[in-house]
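Encoded as structure tokens, the structure appears first; notes follow it.
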Amino acid sequence: MSWQGELNRYLASAYKNWVITKRNAFTLFELFFWPLVSLLSIGLLTRFLMMDESMVSFLIVGSIALTILQVAQLDVSYVLLFDMWSKSIKNTFIAPVHSWHLIFGSLLFGIMRGSVVFAILASVSFYLFGFKFQTGGLIPPLIFLIGVFAMAAIIGIVVCISILTFGQKADVAAWSLSGLILLFSGIYYPVDVLPAFLQSVSRAIPLTYFLEYYRSVFIPGPHHLIVGLSLAALYLLLGLILFDRAINRARRTGILLRLSE
Amino acid sequence: MSVQAKGVCKRYKSLFGPTKIALKRISLDVEQGEIFGLLGPNGSGKTTLISILSTLIYPEEGSLSILGLNARRDRGEIRKIINICTAKPNFPWSLTIRENLVHYGMLYGLYGSALTRMVDDQIDAFELGEYRDVKFENLSTGLKQRLSLAKAMLNHPRLLFLDEPTTGLDPHMSAKTRKLIKRIHEEEQISVILSTHYMPEAEELCDRIAFLRGGEVAAMDTPQNLKNHLGLGQRVRIRYRGQVDLEAIRRFEGVIGVNGSHWIIGGQMDERAGEGLERRVDILIERKEDCLDGILKSFQDAKILDIDVDEPDLEDVFIELAR
């Protein structure tokens, strides 16, 4: 198959997500309403607590990270959720597609939506709370975004694996898993404040390192970006292998048929 | 050979409930260019078998070759040259007919003008032009089925699986769909494996048929040979008015089966009761001379309007095999 044909097998999922999203008025809630509510809540809290500029940046970075993560991981999860809800999963898996076509295609659309949300939040937080995302140049926010999108892909893969393993009831995972990240990755606090045994969980989550890296631009301190990048690459690779295994298992157990009925 | 299956078994394991055996050592061959029918009652394993042959799900045991490729080793290659149209055509709801075809065309690796041309060709071929921009959720059952057929042709498959393609369609749409299937088969010169509940459909379309019962092949042959080999005798269709004890007829020696008795109102079969209206009964009998005489004596309290003695059709074969 030519490279254009192979590329289109990736883009197929992005195309489907794009068409479904543009027809759904409630998408505006995902893109504007919840992100802005979240940002404004945190921003106003920093005003109330009369925080200095560095602490404002700390919390706004966390708020932006969580919001983009939620938007992008939903897009990856939607690649199977839309099929499951419309009971058309058979049609996808009868086609010659692999796990990486589905994940990277939907992630591409997640990156587009996440980037739009980032642009909105960065602009609003600059005008209302004086947060300058480009402090330290464009490389730090770019690496930070790469980390958030990689984390979104990992969570999306876990959701897809859950759906293929546990069936329809597992769709709740799409909205729950980012809650765990909120708890463990130090979205609104440094992970040092967690009990020791929970800190080891935090250290196993790549986003923890990307947050530390980006925050180090505003509050100078140590970071271990390489560990974050390595963990993200490892989890992505492992996730794709496990997703492929979950697809094979769903073909063996017949769950693919049940999800289409 | 399009399909060579040997000893294919499938069990559905449940964590807490009992394991369900869906297929028991199924073996069958499908010739190149053949329309092969899968018949059987609900739960006989038709959909499971089609799903296994199309590599959608995997069997526990057995060997399977699809279009000369090993179904265990070459699944990716097989999926490029087969396609399926399912009993319940489901697609993403908010995508239009055109968008759905574009999406699935992309999954098959089509791109650029070839993708556009293929999508437009299928829209024309299945007469979907008027509805191309209608969302899937707003389509009628017939249009959804046509979209499913159009999707199944996007990659020019060499082997097409049709899982109960006319289920839920009205008689007019069913006939139209059968015509489309015939046309696809003739124009594309592909092999087709079709599962159906409708005997006339199987008789009209299929070169050979496998009857499944309890996950096993109960019989496999051409429709005509099945009727001949089973020695089903003759079918006597009697139109009458009045009361007849059908249970007594059922007990006669030489009677294989008695199929229903319907009121006929204005030429249409109707199940409403009513004195003085026409009824019809199909009685399957062995080829014995005195058998028919005995049956006719049971109609002495009724007025026989018409008697028609005919060869059994595939429905009779189905009833016999499903017993």
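All residue names refer to the structure tokens as shown: chains lettered A, B, ... in order, residues numbered from 1 in each chain, ligands numbered from 1 in order.
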
(request) Please give the complete set of residues from range 168-287 of chain B that DSSP, run on the backbone, assigns to strand (DSSP E or B), formatted as JSON, numbers by chain. (result) {"B": [191, 192, 193, 194, 195, 196, 208, 209, 210, 211, 212, 213, 216, 217, 218, 219, 220, 221, 234, 235, 236, 237, 238, 239, 240, 241, 242, 255, 256, 257, 258, 259, 260, 261, 262, 263, 264, 265, 268, 269, 270, 278, 279, 280, 281, 282, 283, 284, 285]}

(message) Need to verify the contact set: Lys46 in chain B, 9 Å, only C-alpha atoms, exclusion of same-chain residues closer than 3 positions in sequence. Can you return it as JSON, numbers by chain?
(response) {"B": [38, 39, 40, 41, 42, 43, 49, 50, 51, 163, 195, 196, 212, 215]}

(message) With 10 Å as the limit and counting only C-alpha atoms, what residues in chain A lie close to chain B? Please list them as number ranges by chain.
(response) A: 1-17, 19-24, 82-98, 101-102, 247-257, 260-261

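One finds CA of His185 in chain B at 17.7 Å from CA of Thr222 in chain B.
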
(message) Set the distance at 12 Å and use only C-alpha atoms: which residues neighbour Gly137 in chain A once local chain neighbours fewer than 5 positions away are removed? I'd like the list as number ranges by chain.
(response) A: 132, 142-143, 214, 217-218

Go ahead and save the residues from that selection, with C-alpha atoms, as a PDB file, in the first residue's frame.
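This went into again_20.pdb:
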ATOM      1  CA  LYS A 132       2.767  34.407  30.357  1.00  0.00           C
ATOM      2  CA  LEU A 142       5.876  22.877  23.368  1.00  0.00           C
ATOM      3  CA  ILE A 143       7.561  20.099  25.358  1.00  0.00           C
ATOM      4  CA  TYR A 214       7.283  23.522  32.720  1.00  0.00           C
ATOM      5  CA  VAL A 217      10.455  27.953  34.027  1.00  0.00           C
ATOM      6  CA  PHE A 218       8.340  30.002  36.455  1.00  0.00           C
TER       7      PHE A 218
END

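For the atom pair formed by CA of Ala125 in chain B and CA of Met173 in chain B, the distance is 15.5 Å, given to one decimal.
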
Write out as an mmCIF file with C-alpha atoms, in the first residue's frame the set of residues from range 20-226 of chain A that DSSP, computed on the backbone, places in alpha helix (DSSP H).
data_model
loop_
_atom_site.group_PDB
_atom_site.id
_atom_site.type_symbol
_atom_site.label_atom_id
_atom_site.label_comp_id
_atom_site.auth_asym_id
_atom_site.auth_seq_id
_atom_site.Cartn_x
_atom_site.Cartn_y
_atom_site.Cartn_z
ATOM 1 C CA ILE A 20 -19.120 13.880 14.931
ATOM 2 C CA THR A 21 -17.654 16.727 16.966
ATOM 3 C CA LYS A 22 -18.667 19.491 14.552
ATOM 4 C CA ARG A 23 -22.278 18.222 14.592
ATOM 5 C CA THR A 27 -18.710 20.065 22.026
ATOM 6 C CA LEU A 28 -18.641 23.763 22.886
ATOM 7 C CA TRP A 34 -15.545 23.618 31.232
ATOM 8 C CA PRO A 35 -12.004 24.794 30.396
ATOM 9 C CA LEU A 36 -12.931 28.408 31.129
ATOM 10 C CA VAL A 37 -14.890 27.533 34.268
ATOM 11 C CA SER A 38 -11.904 25.560 35.522
ATOM 12 C CA LEU A 39 -9.379 28.260 34.669
ATOM 13 C CA LEU A 40 -11.458 31.111 36.089
ATOM 14 C CA SER A 41 -12.117 29.189 39.307
ATOM 15 C CA ILE A 42 -8.425 28.595 39.878
ATOM 16 C CA GLY A 43 -7.448 32.095 38.739
ATOM 17 C CA LEU A 44 -9.953 33.752 41.059
ATOM 18 C CA LEU A 45 -8.843 31.511 43.913
ATOM 19 C CA THR A 46 -5.279 32.793 43.469
ATOM 20 C CA ARG A 47 -6.654 36.358 43.667
ATOM 21 C CA PHE A 48 -8.583 35.558 46.832
ATOM 22 C CA GLU A 53 3.096 35.577 40.402
ATOM 23 C CA SER A 54 5.034 32.334 40.699
ATOM 24 C CA MET A 55 2.258 30.588 42.647
ATOM 25 C CA VAL A 56 -0.339 31.875 40.187
ATOM 26 C CA SER A 57 1.724 30.333 37.369
ATOM 27 C CA PHE A 58 2.044 27.087 39.335
ATOM 28 C CA LEU A 59 -1.716 26.667 39.679
ATOM 29 C CA ILE A 60 -2.612 27.894 36.200
ATOM 30 C CA VAL A 61 -0.123 25.480 34.603
ATOM 31 C CA GLY A 62 -1.853 22.691 36.533
ATOM 32 C CA SER A 63 -5.304 23.848 35.492
ATOM 33 C CA ILE A 64 -4.306 24.107 31.825
ATOM 34 C CA ALA A 65 -2.612 20.686 31.925
ATOM 35 C CA LEU A 66 -5.662 18.978 33.418
ATOM 36 C CA THR A 67 -8.068 20.610 30.976
ATOM 37 C CA ILE A 68 -6.046 19.773 27.857
ATOM 38 C CA LEU A 69 -5.462 16.262 29.149
ATOM 39 C CA GLN A 70 -9.197 15.717 29.591
ATOM 40 C CA VAL A 71 -10.064 17.062 26.135
ATOM 41 C CA ALA A 72 -7.365 15.127 24.263
ATOM 42 C CA GLN A 73 -7.795 11.831 26.144
ATOM 43 C CA LEU A 74 -11.534 11.947 25.405
ATOM 44 C CA ASP A 75 -10.751 12.218 21.705
ATOM 45 C CA VAL A 76 -8.557 9.125 21.878
ATOM 46 C CA SER A 77 -11.212 7.277 23.894
ATOM 47 C CA TYR A 78 -13.917 8.374 21.436
ATOM 48 C CA VAL A 79 -12.279 6.268 18.727
ATOM 49 C CA LEU A 80 -13.916 3.215 20.301
ATOM 50 C CA LEU A 81 -16.641 4.933 22.321
ATOM 51 C CA PHE A 82 -18.366 6.320 19.205
ATOM 52 C CA ASP A 83 -18.222 2.861 17.604
ATOM 53 C CA MET A 84 -19.478 1.204 20.758
ATOM 54 C CA TRP A 85 -22.366 3.641 21.244
ATOM 55 C CA ILE A 89 -17.512 -1.686 16.121
ATOM 56 C CA LYS A 90 -17.735 -4.710 13.765
ATOM 57 C CA ASN A 91 -17.288 -2.458 10.750
ATOM 58 C CA THR A 92 -14.073 -0.997 12.162
ATOM 59 C CA PHE A 93 -12.476 -4.306 13.082
ATOM 60 C CA SER A 99 -4.235 -0.365 17.133
ATOM 61 C CA TRP A 100 -1.757 2.353 16.097
ATOM 62 C CA HIS A 101 -3.994 3.538 13.215
ATOM 63 C CA LEU A 102 -6.877 4.082 15.626
ATOM 64 C CA ILE A 103 -4.862 5.629 18.454
ATOM 65 C CA PHE A 104 -2.638 7.992 16.486
ATOM 66 C CA GLY A 105 -5.459 9.033 14.151
ATOM 67 C CA SER A 106 -7.727 10.003 17.020
ATOM 68 C CA LEU A 107 -4.813 11.511 18.933
ATOM 69 C CA LEU A 108 -4.169 13.800 15.975
ATOM 70 C CA PHE A 109 -7.649 15.241 16.364
ATOM 71 C CA GLY A 110 -7.125 15.397 20.144
ATOM 72 C CA ILE A 111 -3.963 17.415 19.563
ATOM 73 C CA MET A 112 -5.888 19.821 17.336
ATOM 74 C CA ARG A 113 -8.665 20.291 19.878
ATOM 75 C CA GLY A 114 -6.190 20.425 22.764
ATOM 76 C CA SER A 115 -4.171 23.090 20.958
ATOM 77 C CA VAL A 116 -7.275 25.219 20.455
ATOM 78 C CA VAL A 117 -8.089 24.889 24.173
ATOM 79 C CA PHE A 118 -4.491 25.769 25.066
ATOM 80 C CA ALA A 119 -4.614 28.880 22.890
ATOM 81 C CA ILE A 120 -7.870 29.995 24.526
ATOM 82 C CA LEU A 121 -6.695 29.309 28.072
ATOM 83 C CA ALA A 122 -3.268 30.865 27.524
ATOM 84 C CA SER A 123 -4.870 34.047 26.147
ATOM 85 C CA VAL A 124 -7.500 34.318 28.879
ATOM 86 C CA SER A 125 -5.001 33.617 31.668
ATOM 87 C CA PHE A 126 -2.650 36.265 30.268
ATOM 88 C CA TYR A 127 -5.315 38.977 30.111
ATOM 89 C CA LEU A 128 -6.998 38.153 33.417
ATOM 90 C CA PHE A 129 -4.207 36.791 35.596
ATOM 91 C CA ILE A 139 10.281 25.277 23.609
ATOM 92 C CA PRO A 140 9.116 24.738 27.232
ATOM 93 C CA PRO A 141 5.364 25.045 26.459
ATOM 94 C CA LEU A 142 5.876 22.877 23.368
ATOM 95 C CA ILE A 143 7.561 20.099 25.358
ATOM 96 C CA PHE A 144 4.928 20.495 28.069
ATOM 97 C CA LEU A 145 2.167 20.055 25.474
ATOM 98 C CA ILE A 146 3.920 17.005 23.990
ATOM 99 C CA GLY A 147 3.941 15.482 27.480
ATOM 100 C CA VAL A 148 0.271 16.260 28.090
ATOM 101 C CA PHE A 149 -0.737 14.795 24.694
ATOM 102 C CA ALA A 150 1.367 11.677 25.281
ATOM 103 C CA MET A 151 -0.360 11.256 28.643
ATOM 104 C CA ALA A 152 -3.732 11.751 26.914
ATOM 105 C CA ALA A 153 -2.866 8.973 24.462
ATOM 106 C CA ILE A 154 -1.874 6.658 27.315
ATOM 107 C CA ILE A 155 -5.138 7.276 29.203
ATOM 108 C CA GLY A 156 -7.134 6.900 25.967
ATOM 109 C CA ILE A 157 -5.460 3.548 25.315
ATOM 110 C CA VAL A 158 -6.325 2.381 28.837
ATOM 111 C CA VAL A 159 -9.972 3.365 28.227
ATOM 112 C CA CYS A 160 -10.008 1.480 24.899
ATOM 113 C CA ILE A 161 -8.480 -1.601 26.539
ATOM 114 C CA SER A 162 -11.111 -1.394 29.312
ATOM 115 C CA ILE A 163 -13.929 -1.246 26.758
ATOM 116 C CA LEU A 164 -12.628 -4.279 24.890
ATOM 117 C CA THR A 165 -12.079 -6.187 28.124
ATOM 118 C CA PHE A 166 -15.110 -5.278 30.220
ATOM 119 C CA ALA A 173 -13.333 5.006 32.661
ATOM 120 C CA ALA A 174 -13.189 7.736 30.003
ATOM 121 C CA TRP A 175 -14.264 10.315 32.555
ATOM 122 C CA SER A 176 -12.691 8.817 35.661
ATOM 123 C CA LEU A 177 -9.058 8.117 34.857
ATOM 124 C CA SER A 178 -8.052 11.761 34.522
ATOM 125 C CA GLY A 179 -9.329 12.158 38.112
ATOM 126 C CA LEU A 180 -6.542 9.848 39.264
ATOM 127 C CA ILE A 181 -4.048 12.010 37.421
ATOM 128 C CA LEU A 182 -5.462 15.036 39.264
ATOM 129 C CA LEU A 183 -4.717 13.290 42.530
ATOM 130 C CA PHE A 184 -1.304 11.813 41.792
ATOM 131 C CA ALA A 196 5.639 8.636 50.664
ATOM 132 C CA PHE A 197 3.918 5.578 49.185
ATOM 133 C CA LEU A 198 1.737 7.801 46.958
ATOM 134 C CA GLN A 199 4.803 9.736 45.819
ATOM 135 C CA SER A 200 6.111 6.543 44.224
ATOM 136 C CA VAL A 201 2.860 6.336 42.246
ATOM 137 C CA SER A 202 3.348 9.962 41.182
ATOM 138 C CA PRO A 206 4.983 10.845 33.075
ATOM 139 C CA LEU A 207 2.836 13.954 33.478
ATOM 140 C CA THR A 208 4.392 14.590 36.904
ATOM 141 C CA TYR A 209 7.750 15.219 35.192
ATOM 142 C CA PHE A 210 6.355 17.404 32.411
ATOM 143 C CA LEU A 211 4.559 19.563 34.993
ATOM 144 C CA GLU A 212 7.752 19.904 37.020
ATOM 145 C CA TYR A 213 9.677 20.814 33.872
ATOM 146 C CA TYR A 214 7.283 23.522 32.720
ATOM 147 C CA ARG A 215 6.863 24.931 36.229
ATOM 148 C CA SER A 216 10.630 25.149 36.591
ATOM 149 C CA VAL A 217 10.455 27.953 34.027
ATOM 150 C CA PHE A 218 8.340 30.002 36.455
ATOM 151 C CA LEU A 225 12.352 15.695 31.906
ATOM 152 C CA ILE A 226 14.295 12.748 30.470
#

(message) List the spatial neighbours of Val227 in chain A as a PyMOL selection string - criterion: any atom at most 10 Å away, only C-alpha atoms, same-chain residues fewer than 4 positions off excluded.
(response) chain A and resi 203-206+209-210+223+231-233

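Note that the spacing between CA of Ile241 in chain A and CA of Asn70 in chain B amounts to 22.8 Å.
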
(request) Within 10 Å of Asp245 in chain B, counting only C-alpha atoms, which residues show up once you throw out same-chain ones fewer than 4 positions away? Write them as number ranges by chain, please. (result) B: 249-250, 298-299, 301
